[in-house]
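Quick look at run.cif (mmCIF, C-alpha atoms):
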```cif
data_my_file
#
loop_
_atom_site.group_PDB
_atom_site.id
_atom_site.type_symbol
_atom_site.label_atom_id
_atom_site.label_comp_id
_atom_site.auth_asym_id
_atom_site.auth_seq_id
_atom_site.Cartn_x
_atom_site.Cartn_y
_atom_site.Cartn_z
ATOM 1 C CA MET A 1310 -36.232 -4.936 -24.737
ATOM 2 C CA SER A 1311 -33.045 -3.449 -26.169
ATOM 3 C CA GLN A 1312 -29.765 -5.237 -25.707
ATOM 4 C CA HIS A 1313 -26.871 -3.254 -24.220
ATOM 5 C CA MET A 1314 -24.015 -2.852 -26.689
ATOM 6 C CA ASN A 1315 -20.645 -3.110 -24.944
ATOM 7 C CA ILE A 1316 -18.272 -0.353 -26.003
ATOM 8 C CA VAL A 1317 -14.801 -1.882 -26.020
ATOM 9 C CA SER A 1318 -11.435 -1.217 -27.648
ATOM 10 C CA SER A 1319 -10.345 -4.862 -27.944
ATOM 11 C CA SER A 1320 -13.214 -7.132 -28.982
ATOM 12 C CA HIS A 1321 -10.881 -10.139 -28.990
ATOM 13 C CA LEU A 1322 -10.527 -9.811 -25.193
ATOM 14 C CA VAL A 1323 -14.252 -9.764 -24.393
ATOM 15 C CA SER A 1324 -15.106 -12.629 -22.039
ATOM 16 C CA GLU A 1325 -18.488 -14.327 -22.149
ATOM 17 C CA ARG A 1326 -18.317 -14.333 -18.329
ATOM 18 C CA SER A 1327 -17.888 -10.537 -18.112
ATOM 19 C CA ALA A 1328 -18.163 -8.423 -21.238
ATOM 20 C CA GLU A 1329 -18.653 -5.550 -18.795
ATOM 21 C CA LEU A 1330 -15.042 -5.844 -17.644
ATOM 22 C CA SER A 1331 -13.845 -5.144 -21.193
ATOM 23 C CA GLU A 1332 -16.189 -2.174 -21.311
ATOM 24 C CA PHE A 1333 -14.813 -0.994 -17.952
ATOM 25 C CA GLU A 1334 -11.225 -1.385 -19.181
ATOM 26 C CA PHE A 1335 -11.940 0.716 -22.261
ATOM 27 C CA GLY A 1336 -13.519 3.363 -20.041
ATOM 28 C CA LEU A 1337 -10.472 3.210 -17.776
ATOM 29 C CA ILE A 1338 -8.106 3.758 -20.706
ATOM 30 C CA VAL A 1339 -10.126 6.735 -21.926
ATOM 31 C CA VAL A 1340 -10.513 8.286 -18.461
ATOM 32 C CA HIS A 1341 -6.826 7.702 -17.660
ATOM 33 C CA ASN A 1342 -5.788 9.595 -20.789
ATOM 34 C CA ALA A 1343 -8.306 12.390 -20.161
ATOM 35 C CA PHE A 1344 -7.272 12.668 -16.499
ATOM 36 C CA SER A 1345 -3.567 12.746 -17.399
ATOM 37 C CA ARG A 1346 -4.199 15.466 -19.982
ATOM 38 C CA TRP A 1347 -6.301 17.401 -17.427
ATOM 39 C CA MET A 1348 -3.579 17.252 -14.749
ATOM 40 C CA VAL A 1349 -0.940 18.574 -17.157
ATOM 41 C CA ARG A 1350 -3.191 21.378 -18.458
ATOM 42 C CA CYS A 1351 -4.423 22.328 -14.995
ATOM 43 C CA MET A 1352 -0.819 22.544 -13.773
ATOM 44 C CA SER A 1353 0.043 24.606 -16.835
ATOM 45 C CA ALA A 1354 -2.794 27.009 -16.012
ATOM 46 C CA ALA A 1355 -1.472 27.109 -12.434
ATOM 47 C CA GLY A 1356 1.854 28.339 -13.776
ATOM 48 C CA GLU A 1357 4.058 25.307 -14.464
ATOM 49 C CA LYS A 1358 4.074 24.129 -18.064
ATOM 50 C CA ASN A 1359 6.820 21.501 -17.884
ATOM 51 C CA LEU A 1360 5.421 18.727 -15.691
ATOM 52 C CA THR A 1361 4.161 15.310 -16.769
ATOM 53 C CA ALA A 1362 1.011 13.775 -15.274
ATOM 54 C CA THR A 1363 3.186 11.558 -13.058
ATOM 55 C CA GLU A 1364 5.116 14.584 -11.785
ATOM 56 C CA VAL A 1365 1.852 16.419 -11.075
ATOM 57 C CA SER A 1366 0.502 13.495 -9.060
ATOM 58 C CA LEU A 1367 3.825 13.243 -7.213
ATOM 59 C CA ILE A 1368 3.966 16.895 -6.169
ATOM 60 C CA HIS A 1369 0.399 16.687 -4.883
ATOM 61 C CA HIS A 1370 1.107 13.519 -2.915
ATOM 62 C CA VAL A 1371 4.345 14.918 -1.484
ATOM 63 C CA ASN A 1372 2.355 18.016 -0.461
ATOM 64 C CA HIS A 1373 -0.424 15.856 1.094
ATOM 65 C CA ARG A 1374 -0.896 16.608 4.797
ATOM 66 C CA GLY A 1375 2.375 18.565 4.898
ATOM 67 C CA ARG A 1376 4.353 15.499 6.055
ATOM 68 C CA LYS A 1377 7.768 14.314 4.887
ATOM 69 C CA LYS A 1378 7.604 11.144 2.818
ATOM 70 C CA LYS A 1379 10.046 8.389 1.837
ATOM 71 C CA LEU A 1380 10.394 7.207 -1.763
ATOM 72 C CA ALA A 1381 9.145 3.701 -0.909
ATOM 73 C CA ASP A 1382 6.036 5.087 0.800
ATOM 74 C CA ILE A 1383 5.284 7.423 -2.113
ATOM 75 C CA CYS A 1384 5.530 4.502 -4.556
ATOM 76 C CA PHE A 1385 3.399 2.297 -2.304
ATOM 77 C CA VAL A 1386 0.574 4.807 -1.832
ATOM 78 C CA LEU A 1387 0.429 5.751 -5.521
ATOM 79 C CA ASN A 1388 0.825 2.082 -6.556
ATOM 80 C CA ILE A 1389 3.825 2.810 -8.785
ATOM 81 C CA GLU A 1390 6.055 -0.225 -9.176
ATOM 82 C CA ASP A 1391 9.009 1.446 -10.910
ATOM 83 C CA THR A 1392 10.849 3.386 -8.197
ATOM 84 C CA HIS A 1393 13.302 4.715 -10.801
ATOM 85 C CA VAL A 1394 10.512 6.641 -12.561
ATOM 86 C CA VAL A 1395 9.454 8.193 -9.253
ATOM 87 C CA SER A 1396 13.042 8.896 -8.185
ATOM 88 C CA TYR A 1397 13.772 10.647 -11.497
ATOM 89 C CA ALA A 1398 10.566 12.694 -11.273
ATOM 90 C CA LEU A 1399 11.314 13.715 -7.680
ATOM 91 C CA LYS A 1400 14.838 14.826 -8.712
ATOM 92 C CA LYS A 1401 13.247 17.002 -11.402
ATOM 93 C CA LEU A 1402 10.803 18.500 -8.862
ATOM 94 C CA VAL A 1403 13.731 19.185 -6.494
ATOM 95 C CA LYS A 1404 15.717 20.821 -9.318
ATOM 96 C CA LEU A 1405 12.693 23.022 -10.154
ATOM 97 C CA GLY A 1406 12.498 24.072 -6.491
ATOM 98 C CA TYR A 1407 9.059 22.588 -5.763
ATOM 99 C CA VAL A 1408 10.244 19.715 -3.583
ATOM 100 C CA THR A 1409 13.015 19.455 -1.025
ATOM 101 C CA ASN A 1410 14.827 16.322 0.100
ATOM 102 C CA GLU A 1411 16.388 15.691 3.469
ATOM 103 C CA LYS A 1412 18.460 12.735 4.583
ATOM 104 C CA ILE A 1413 17.484 11.463 8.028
ATOM 105 C CA GLY A 1414 19.563 8.465 9.039
ATOM 106 C CA LYS A 1415 19.726 6.177 6.011
ATOM 107 C CA GLU A 1416 16.456 7.434 4.504
ATOM 108 C CA VAL A 1417 15.757 10.407 2.228
ATOM 109 C CA PHE A 1418 12.529 12.253 2.951
ATOM 110 C CA PHE A 1419 10.712 14.502 0.486
ATOM 111 C CA SER A 1420 8.463 17.473 1.182
ATOM 112 C CA THR A 1421 7.176 20.434 -0.768
ATOM 113 C CA SER A 1422 8.940 23.758 -0.574
ATOM 114 C CA GLU A 1423 6.946 26.959 -0.063
ATOM 115 C CA THR A 1424 7.053 27.389 -3.846
ATOM 116 C CA GLY A 1425 5.754 23.832 -4.348
ATOM 117 C CA ALA A 1426 2.952 24.272 -1.816
ATOM 118 C CA ALA A 1427 1.959 27.564 -3.494
ATOM 119 C CA LEU A 1428 1.899 25.815 -6.892
ATOM 120 C CA CYS A 1429 -0.374 23.105 -5.455
ATOM 121 C CA GLU A 1430 -2.679 25.814 -4.125
ATOM 122 C CA ARG A 1431 -2.859 27.527 -7.526
ATOM 123 C CA TYR A 1432 -3.648 24.117 -9.076
ATOM 124 C CA ARG A 1433 -6.438 23.717 -6.513
ATOM 125 C CA GLN A 1434 -7.899 27.081 -7.503
ATOM 126 C CA VAL A 1435 -7.851 26.197 -11.227
ATOM 127 C CA ARG A 1436 -9.393 22.801 -10.380
ATOM 128 C CA GLU A 1437 -12.214 24.456 -8.443
ATOM 129 C CA GLN A 1438 -12.898 26.896 -11.256
ATOM 130 C CA CYS A 1439 -12.728 24.473 -14.190
ATOM 131 C CA LEU A 1440 -13.419 20.958 -12.948
ATOM 132 C CA ILE A 1441 -15.498 21.243 -9.788
ATOM 133 C CA GLU A 1442 -17.741 23.828 -11.415
ATOM 134 C CA ALA A 1443 -18.300 21.471 -14.383
ATOM 135 C CA LEU A 1444 -18.960 18.575 -11.978
ATOM 136 C CA VAL A 1445 -21.608 20.551 -10.109
ATOM 137 C CA GLU A 1446 -23.253 21.536 -13.390
ATOM 138 C CA SER A 1447 -23.207 17.892 -14.588
ATOM 139 C CA GLY A 1448 -25.566 16.836 -11.818
ATOM 140 C CA ILE A 1449 -23.538 13.718 -11.001
ATOM 141 C CA PRO A 1450 -24.168 13.060 -7.295
ATOM 142 C CA ASN A 1451 -21.107 13.049 -5.024
ATOM 143 C CA GLU A 1452 -22.348 9.755 -3.519
ATOM 144 C CA GLU A 1453 -22.078 8.085 -6.942
ATOM 145 C CA ILE A 1454 -18.529 9.384 -7.345
ATOM 146 C CA GLY A 1455 -17.689 8.009 -3.897
ATOM 147 C CA ARG A 1456 -19.108 4.566 -4.774
ATOM 148 C CA THR A 1457 -17.146 4.586 -8.035
ATOM 149 C CA ALA A 1458 -13.939 5.503 -6.183
ATOM 150 C CA GLN A 1459 -14.534 2.600 -3.778
ATOM 151 C CA LEU A 1460 -15.114 0.217 -6.710
ATOM 152 C CA LEU A 1461 -11.901 1.439 -8.365
ATOM 153 C CA ARG A 1462 -9.910 0.669 -5.197
ATOM 154 C CA VAL A 1463 -11.398 -2.852 -5.054
ATOM 155 C CA LEU A 1464 -10.688 -3.449 -8.755
ATOM 156 C CA SER A 1465 -7.145 -2.138 -8.266
ATOM 157 C CA GLY A 1466 -6.596 -4.931 -5.762
ATOM 158 C CA LEU A 1467 -7.971 -7.512 -8.212
ATOM 159 C CA TYR A 1468 -5.699 -6.231 -10.996
ATOM 160 C CA ASP A 1469 -2.680 -6.307 -8.626
ATOM 161 C CA GLN A 1470 -3.549 -9.875 -7.619
ATOM 162 C CA ALA A 1471 -3.967 -10.899 -11.267
ATOM 163 C CA ALA A 1472 -0.634 -9.221 -12.126
ATOM 164 C CA ARG A 1473 1.121 -11.313 -9.447
ATOM 165 C CA ALA A 1474 -0.558 -14.453 -10.794
ATOM 166 C CA GLY A 1475 0.435 -13.529 -14.345
ATOM 167 C CA ALA A 1476 4.038 -12.937 -13.299
ATOM 168 C CA SER A 1477 4.219 -16.479 -11.925
ATOM 169 C CA LEU A 1478 3.052 -18.171 -15.151
#
```
Give the structure from the file, written as structure tokens.
Amino acid sequence: MSQHMNIVSSSHLVSERSAELSEFEFGLIVVHNAFSRWMVRCMSAAGEKNLTATEVSLIHHVNHRGRKKKLADICFVLNIEDTHVVSYALKKLVKLGYVTNEKIGKEVFFSTSETGAALCERYRQVREQCLIEALVESGIPNEEIGRTAQLLRVLSGLYDQAARAGASL
């Protein structure tokens, strides 16, 4: 019987109670960097070469369901703690003409412009061609991806809870 070798980036953090968590964290770091690079390159192929991964995720979320969104709600849904980072990125997207802002009462609401929605659609087309095609060819079942997504949401909650506990130490 062969023993599984945990692939980790920080052996000093490996816990005897869950070496797998260290392996997961290394995988998360690697996939985060690959996903960020993918978002930037996909957006570049869609026609916009000057957006960061955060800005790409923001334009897609602002475009989501075609509804106006408040800064606080955008930060909450994307689990971004630093509202200044999001505010700065949204100002850049407004300046580029992809997002519009509208003050209603005391709140500012953001939505995509026609240009922004068209950019998101071009991104979708590049994604279908490059990523979805590769996914289909990989043979990874969609059900497994769905279970992994569910696990990531659960682990996100555990990390948030641990971050609150750590902040109180």
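In this comparison, which uses all atoms listed in the file, the residue of A:Ser1324, A:Gly1414, A:Ser1319, A:Arg1350 approaching Ile1338 (chain A) most closely is A:Ser1319.
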**Request:** Taking (-13.3, -3.4, -24.2) in the file's own coordinates, collect the residues within 10 Å, counting all atoms listed in the file, and hand them back as a PyMOL selection string.
**Result:** chain A and resi 1315-1324+1328-1338
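In this model, the gap between CA of Arg1431 (chain A) and CA of Ala1355 (chain A) comes to 5.1 Å.
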**Request:** Name the residues in contact with region 1366-1376 of chain A at a cut-off of 9 Å, using all atoms listed in the file, excluding same-chain residues fewer than 3 positions from it; report them as a PyMOL selection string.
**Result:** chain A and resi 1348+1361-1363+1383+1386-1387+1395+1398-1399+1402+1407-1408+1419-1422+1425-1426+1429
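Counting from CA of Lys1358 (chain A), the distance to CA of Lys1401 (chain A) is 13.4 Å.
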**Asked** Could you state the separation of CA of Asn1388 (chain A) and CA of Met1352 (chain A) in Å, given to one decimal place?
**Response** 21.8 Å
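When all atoms listed in the file are used to measure the gap to Glu1437 (chain A), the shortest distance among A:Val1417, A:Cys1351, A:Glu1325, A:Leu1461 belongs to A:Cys1351.
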